Amino acid sequence: MEEETQAESSASSSINDRDTASSATVDVDGLKQRILERRAKVGVIGLGYVGLPLVKAFAAKGFPVTGFDIDDEKIAGLRAGRSYIRHIPSEVVKGMIDSGRFRATSDFSEICGMDAILICVPTPLSKHREPDLSFVERTAESIAPHLRAGQLVVLESTTFPGTTEEILRPILERGGLTAGSDLFLAYSPEREDPGNPKFETSSIPKVVGGNETTAMTLAVALYSQIVPQVVQVSSTATAEAVKLTENVFRAVNIALVNELKIVFEKMGIDVWEVIDAAKTKPFGFMPFYPGPGLGGHCIPIDPFYLTWRAREFDLDTRFIELAGQINTAMPSLVVRRVDEELDRRAGKVLNGARILLLGVAYKKNIDDIRESPALRIMKILQERGAEPDFYDPFVDQIGMTREYSDLAGKRSIDWSHEALQKYDAAIICTDHDDVDYFELVAHSQLVIDTRNATQHVKVDRQKIVKA
């Protein structure tokens, strides 16, 4: 027993000696200086709606940035100066490439040359509505063999509290590096709002939580170079919780106004008029608006990350789950309203009806269809025997999605008076600014407006039904 204790003590001493030695070889001050001088090499993993804007923000401040992605087609496009995100024009990408400040690659062995590594990969839900961290885990496994002492690694993907410390850290440490001495680990949630002209990555404050003090110091130094304010919190788990709180707040309030819409509709009251009047109160009220359901990669997904995590602590998140049920039910309610109005106005049924969906992007003025409620509405219409088409000035064709693969390849119709007249009903799912709603109402038989997009149309109001 004594020999075992001595052996354990010796092993512990060896580990401590190794940590001390490796820590001594890490030039933290040098890394911080490179960051402050904007010479630090920044690697961004995942070049989607979060990663590419982040690349743009760092490149604009003079940092040398390398973008990593497993999609070779995407990499080839970026190298050629082509953008696949509407609000980042191709000329911006080409400018970054030509300046030498940005390069894209699928070779993860180049991770070893980076000073800071920012992980921006998807965190979807499984078909059972449980967190799917496979992208985070595979990314960590891909970069772990190529990490070296003295690098800063920051996770930006939205996830549940504990992910950075309990899932990411053990995988990264498999290569022999230790977080806090050899490797510096932090979490800083993305706060992108695609299509919002008022805010972009470089103008939105960044929340940062470090694995320990040095990681926090380095992460704050890094993000301070590209954003106006860095908000420090006490841990990576706290930073993870901040992101979930922001999106749970939106999901719950949207569910509330969706429920109010249903209640007020039965009373003959217009919920949009109510909200417009209520928001004139200068305190104690924040306007949220109803719609056909939630879309995007965050709000429909993130609350379920928290409810799942809460169950590990034997806690029920009834309020959040109820909000999820209300929002998830909205597409079916929209279809039911179409069915009722077709029957009431023309004695028609959904089976065989031609229905046009206005907008398949999940929000106005963008080309992103992730989790779009329009796709769910289209699927339900098909199941009911209807013949749905769509028009979207931002989306030429529906791409491949995990849940609606059978809709992939479906193309937007050409806008014309003649085309509009062929449909039994049109559903406004997304209130893009580039749609002429006066023409839509004039040449449609029935318009189901889920976004109050026709509020300024004064002629043919009898054709419009808010839903």
# chains A, B, ... in the order shown; residues from 1 in each chain; ligands from 1
>>> select_by_dssp(residues="stretch 299-354 of chain A", states="helix (DSSP H, G or I)", output="number ranges by chain")
A: 302-311, 318-346
>>> write_last_selection(atoms="C-alpha atoms", output="compact mmCIF listing (two decimals), in the first residue's frame")
# COMPACT_ATOMS: atom_id res chain seq x y z
CA ASP A 302 -31.39 26.53 -28.66
CA PRO A 303 -34.16 26.32 -26.03
CA PHE A 304 -34.17 22.54 -26.42
CA TYR A 305 -30.45 22.46 -25.61
CA LEU A 306 -31.29 23.95 -22.23
CA THR A 307 -34.31 21.71 -21.57
CA TRP A 308 -32.20 18.65 -22.38
CA ARG A 309 -29.39 19.78 -20.08
CA ALA A 310 -31.86 20.60 -17.29
CA ARG A 311 -33.12 17.01 -17.31
CA ARG A 318 -42.14 23.57 -18.38
CA PHE A 319 -42.32 27.21 -19.41
CA ILE A 320 -39.71 26.80 -22.17
CA GLU A 321 -41.21 23.53 -23.39
CA LEU A 322 -44.69 25.04 -23.57
CA ALA A 323 -43.32 27.90 -25.67
CA GLY A 324 -41.72 25.33 -27.97
CA GLN A 325 -45.03 23.51 -28.37
CA ILE A 326 -46.87 26.71 -29.29
CA ASN A 327 -44.29 27.81 -31.84
CA THR A 328 -43.99 24.35 -33.35
CA ALA A 329 -47.76 24.19 -33.86
CA MET A 330 -47.97 27.41 -35.89
CA PRO A 331 -47.37 25.93 -39.38
CA SER A 332 -50.25 23.50 -38.88
CA LEU A 333 -52.50 26.35 -37.73
CA VAL A 334 -51.65 28.33 -40.86
CA VAL A 335 -52.57 25.39 -43.10
CA ARG A 336 -55.81 24.91 -41.18
CA ARG A 337 -56.68 28.56 -41.77
CA VAL A 338 -56.05 28.16 -45.50
CA ASP A 339 -58.29 25.12 -45.53
CA GLU A 340 -61.09 26.96 -43.69
CA GLU A 341 -60.94 30.00 -45.96
CA LEU A 342 -60.92 27.96 -49.17
CA ASP A 343 -64.01 26.12 -47.98
CA ARG A 344 -65.78 29.25 -46.73
CA ARG A 345 -65.11 31.40 -49.78
CA ALA A 346 -65.23 28.98 -52.69
>>> residues_around(residues="A:Thr401", least_positions_apart="3", cutoff="12 Å", atoms="only C-alpha atoms", output="count of residues only")
15
>>> residues_around(residues="A:Pro228", least_positions_apart="3", cutoff="10 Å", atoms="only C-alpha atoms", output="PyMOL selection string")
chain A and resi 202-206+223-225
>>> write_last_selection(atoms="N, CA and C atoms", output="mmCIF file, in the first residue's frame")
data_model
loop_
_atom_site.group_PDB
_atom_site.id
_atom_site.type_symbol
_atom_site.label_atom_id
_atom_site.label_comp_id
_atom_site.auth_asym_id
_atom_site.auth_seq_id
_atom_site.Cartn_x
_atom_site.Cartn_y
_atom_site.Cartn_z
ATOM 1 N N SER A 202 -18.750 43.054 -36.433
ATOM 2 C CA SER A 202 -17.823 44.030 -35.867
ATOM 3 C C SER A 202 -18.498 45.110 -35.030
ATOM 4 N N SER A 203 -19.820 45.130 -34.991
ATOM 5 C CA SER A 203 -20.510 46.160 -34.206
ATOM 6 C C SER A 203 -21.298 45.593 -33.025
ATOM 7 N N ILE A 204 -21.222 44.280 -32.815
ATOM 8 C CA ILE A 204 -21.988 43.621 -31.758
ATOM 9 C C ILE A 204 -21.061 43.245 -30.606
ATOM 10 N N PRO A 205 -21.372 43.631 -29.363
ATOM 11 C CA PRO A 205 -20.528 43.254 -28.221
ATOM 12 C C PRO A 205 -20.354 41.744 -28.128
ATOM 13 N N LYS A 206 -19.173 41.324 -27.669
ATOM 14 C CA LYS A 206 -18.840 39.922 -27.549
ATOM 15 C C LYS A 206 -18.791 39.495 -26.090
ATOM 16 N N TYR A 223 -10.737 39.477 -29.202
ATOM 17 C CA TYR A 223 -12.009 40.026 -29.662
ATOM 18 C C TYR A 223 -12.066 41.548 -29.521
ATOM 19 N N SER A 224 -11.264 42.085 -28.617
ATOM 20 C CA SER A 224 -11.241 43.551 -28.465
ATOM 21 C C SER A 224 -10.722 44.240 -29.722
ATOM 22 N N GLN A 225 -10.038 43.491 -30.557
ATOM 23 C CA GLN A 225 -9.513 44.069 -31.795
ATOM 24 C C GLN A 225 -10.580 44.240 -32.868
#
>>> closest_residue(among="A:Leu31, A:Leu358, A:Ile428, A:Ala386", to="A:Asp414", atoms="only C-alpha atoms")
A:Leu358
>>> residues_around(residues="A:Phe438", least_positions_apart="2", cutoff="12 Å", atoms="only C-alpha atoms", output="VMD selection string")
chain A and resid 417 434 to 436 440 to 444 447 453 to 461 463 to 464
>>> residues_around(residues="A:Pro161", least_positions_apart="4", cutoff="10 Å", atoms="only C-alpha atoms", output="short mmCIF file (atom, residue, chain, number, x, y, z; two decimals) with C-alpha atoms, in the first residue's frame")
data_model
loop_
_atom_site.label_atom_id
_atom_site.label_comp_id
_atom_site.auth_asym_id
_atom_site.auth_seq_id
_atom_site.Cartn_x
_atom_site.Cartn_y
_atom_site.Cartn_z
CA GLU A 165 -15.27 22.07 -20.38
CA GLU A 166 -16.85 18.62 -20.44
CA SER A 235 -16.64 30.84 -16.85
CA THR A 236 -17.19 29.11 -20.17
CA ALA A 237 -20.43 27.61 -18.81
CA THR A 238 -21.72 31.08 -17.94
CA ALA A 239 -20.96 32.32 -21.45
CA GLU A 240 -22.77 29.29 -22.88
CA ALA A 241 -25.76 30.08 -20.67
CA VAL A 242 -25.81 33.71 -21.86
CA LYS A 243 -26.38 32.65 -25.45
CA LEU A 244 -29.18 30.24 -24.52
CA TYR A 305 -30.45 22.46 -25.61
CA LEU A 306 -31.29 23.95 -22.23
CA ARG A 309 -29.39 19.78 -20.08
CA ALA A 310 -31.86 20.60 -17.29
#
>>> residues_around(residues="A:Arg34", least_positions_apart="3", cutoff="12 Å", atoms="only C-alpha atoms", output="MDAnalysis selection string")
chainID A and resid 27:31 37:42 62:64 114:116 151 218 221:222 225
>>> closest_residue(among="A:Gly347, A:Pro300, A:Gly175, A:Gly77", to="A:Arg129", atoms="only C-alpha atoms")
A:Pro300
>>> residues_around(residues="A:Ile119", least_positions_apart="2", cutoff="9 Å", atoms="only C-alpha atoms", output="list in words")
Gly43, Val44, Ile45, Gly46, Gly51, Ile117, Val121, Val136, Thr139, Ala140, Val153, Val154, Leu155, Glu156 and Ser157 of chain A
>>> select_by_dssp(residues="stretch 307-447 of chain A", states="strand (DSSP E or B)", output="list in words")
Arg354, Ile355, Leu356, Leu357, Leu358, Glu387, Pro388, Asp389, Phe390, Tyr391, Gln397, Arg411, Ala425, Ala426, Ile427, Ile428 and Val447 of chain A
>>> write_last_selection(atoms="N, CA and C atoms", output="PDB file, in the first residue's frame")
ATOM      1  N   ARG A 354     -54.126  24.573 -55.617  1.00  0.00           N
ATOM      2  CA  ARG A 354     -52.814  25.118 -55.933  1.00  0.00           C
ATOM      3  C   ARG A 354     -52.531  26.279 -54.977  1.00  0.00           C
ATOM      4  N   ILE A 355     -51.423  26.152 -54.230  1.00  0.00           N
ATOM      5  CA  ILE A 355     -51.102  27.128 -53.195  1.00  0.00           C
ATOM      6  C   ILE A 355     -49.712  27.713 -53.477  1.00  0.00           C
ATOM      7  N   LEU A 356     -49.610  29.030 -53.421  1.00  0.00           N
ATOM      8  CA  LEU A 356     -48.326  29.699 -53.605  1.00  0.00           C
ATOM      9  C   LEU A 356     -47.825  30.222 -52.256  1.00  0.00           C
ATOM     10  N   LEU A 357     -46.600  29.867 -51.907  1.00  0.00           N
ATOM     11  CA  LEU A 357     -45.986  30.398 -50.692  1.00  0.00           C
ATOM     12  C   LEU A 357     -45.083  31.570 -51.067  1.00  0.00           C
ATOM     13  N   LEU A 358     -45.316  32.701 -50.422  1.00  0.00           N
ATOM     14  CA  LEU A 358     -44.471  33.867 -50.639  1.00  0.00           C
ATOM     15  C   LEU A 358     -43.359  33.850 -49.599  1.00  0.00           C
ATOM     16  N   GLU A 387     -51.074  21.316 -54.005  1.00  0.00           N
ATOM     17  CA  GLU A 387     -49.942  21.455 -54.920  1.00  0.00           C
ATOM     18  C   GLU A 387     -49.253  22.789 -54.623  1.00  0.00           C
ATOM     19  N   PRO A 388     -48.258  22.783 -53.722  1.00  0.00           N
ATOM     20  CA  PRO A 388     -47.614  24.038 -53.336  1.00  0.00           C
ATOM     21  C   PRO A 388     -46.446  24.428 -54.244  1.00  0.00           C
ATOM     22  N   ASP A 389     -46.332  25.704 -54.544  1.00  0.00           N
ATOM     23  CA  ASP A 389     -45.179  26.293 -55.201  1.00  0.00           C
ATOM     24  C   ASP A 389     -44.713  27.451 -54.332  1.00  0.00           C
ATOM     25  N   PHE A 390     -43.593  28.058 -54.708  1.00  0.00           N
ATOM     26  CA  PHE A 390     -43.145  29.210 -53.927  1.00  0.00           C
ATOM     27  C   PHE A 390     -42.519  30.262 -54.824  1.00  0.00           C
ATOM     28  N   TYR A 391     -42.557  31.478 -54.308  1.00  0.00           N
ATOM     29  CA  TYR A 391     -41.820  32.580 -54.919  1.00  0.00           C
ATOM     30  C   TYR A 391     -40.991  33.236 -53.836  1.00  0.00           C
ATOM     31  N   GLN A 397     -33.735  28.357 -55.468  1.00  0.00           N
ATOM     32  CA  GLN A 397     -33.993  26.919 -55.399  1.00  0.00           C
ATOM     33  C   GLN A 397     -33.823  26.438 -53.969  1.00  0.00           C
ATOM     34  N   ARG A 411     -37.916  24.946 -57.419  1.00  0.00           N
ATOM     35  CA  ARG A 411     -37.456  26.274 -57.794  1.00  0.00           C
ATOM     36  C   ARG A 411     -38.554  27.317 -57.618  1.00  0.00           C
ATOM     37  N   ALA A 425     -54.787  30.092 -53.582  1.00  0.00           N
ATOM     38  CA  ALA A 425     -54.457  30.919 -52.417  1.00  0.00           C
ATOM     39  C   ALA A 425     -52.961  31.175 -52.400  1.00  0.00           C
ATOM     40  N   ALA A 426     -52.596  32.312 -51.820  1.00  0.00           N
ATOM     41  CA  ALA A 426     -51.185  32.647 -51.598  1.00  0.00           C
ATOM     42  C   ALA A 426     -50.978  32.848 -50.105  1.00  0.00           C
ATOM     43  N   ILE A 427     -49.894  32.279 -49.570  1.00  0.00           N
ATOM     44  CA  ILE A 427     -49.571  32.409 -48.152  1.00  0.00           C
ATOM     45  C   ILE A 427     -48.304  33.238 -48.021  1.00  0.00           C
ATOM     46  N   ILE A 428     -48.383  34.356 -47.334  1.00  0.00           N
ATOM     47  CA  ILE A 428     -47.181  35.157 -47.081  1.00  0.00           C
ATOM     48  C   ILE A 428     -46.482  34.582 -45.856  1.00  0.00           C
ATOM     49  N   VAL A 447     -55.380  35.734 -50.105  1.00  0.00           N
ATOM     50  CA  VAL A 447     -54.052  35.945 -49.540  1.00  0.00           C
ATOM     51  C   VAL A 447     -54.113  35.690 -48.028  1.00  0.00           C
TER      52      VAL A 447
END
>>> closest_residue(among="A:Ile269, A:Pro287, A:Ala186, A:Ala278", to="A:Val257", atoms="only C-alpha atoms")
A:Pro287
>>> atom_distance(atom1="atom CA of A:Lys466", atom2="atom CA of A:Asp449")
4.7 Å
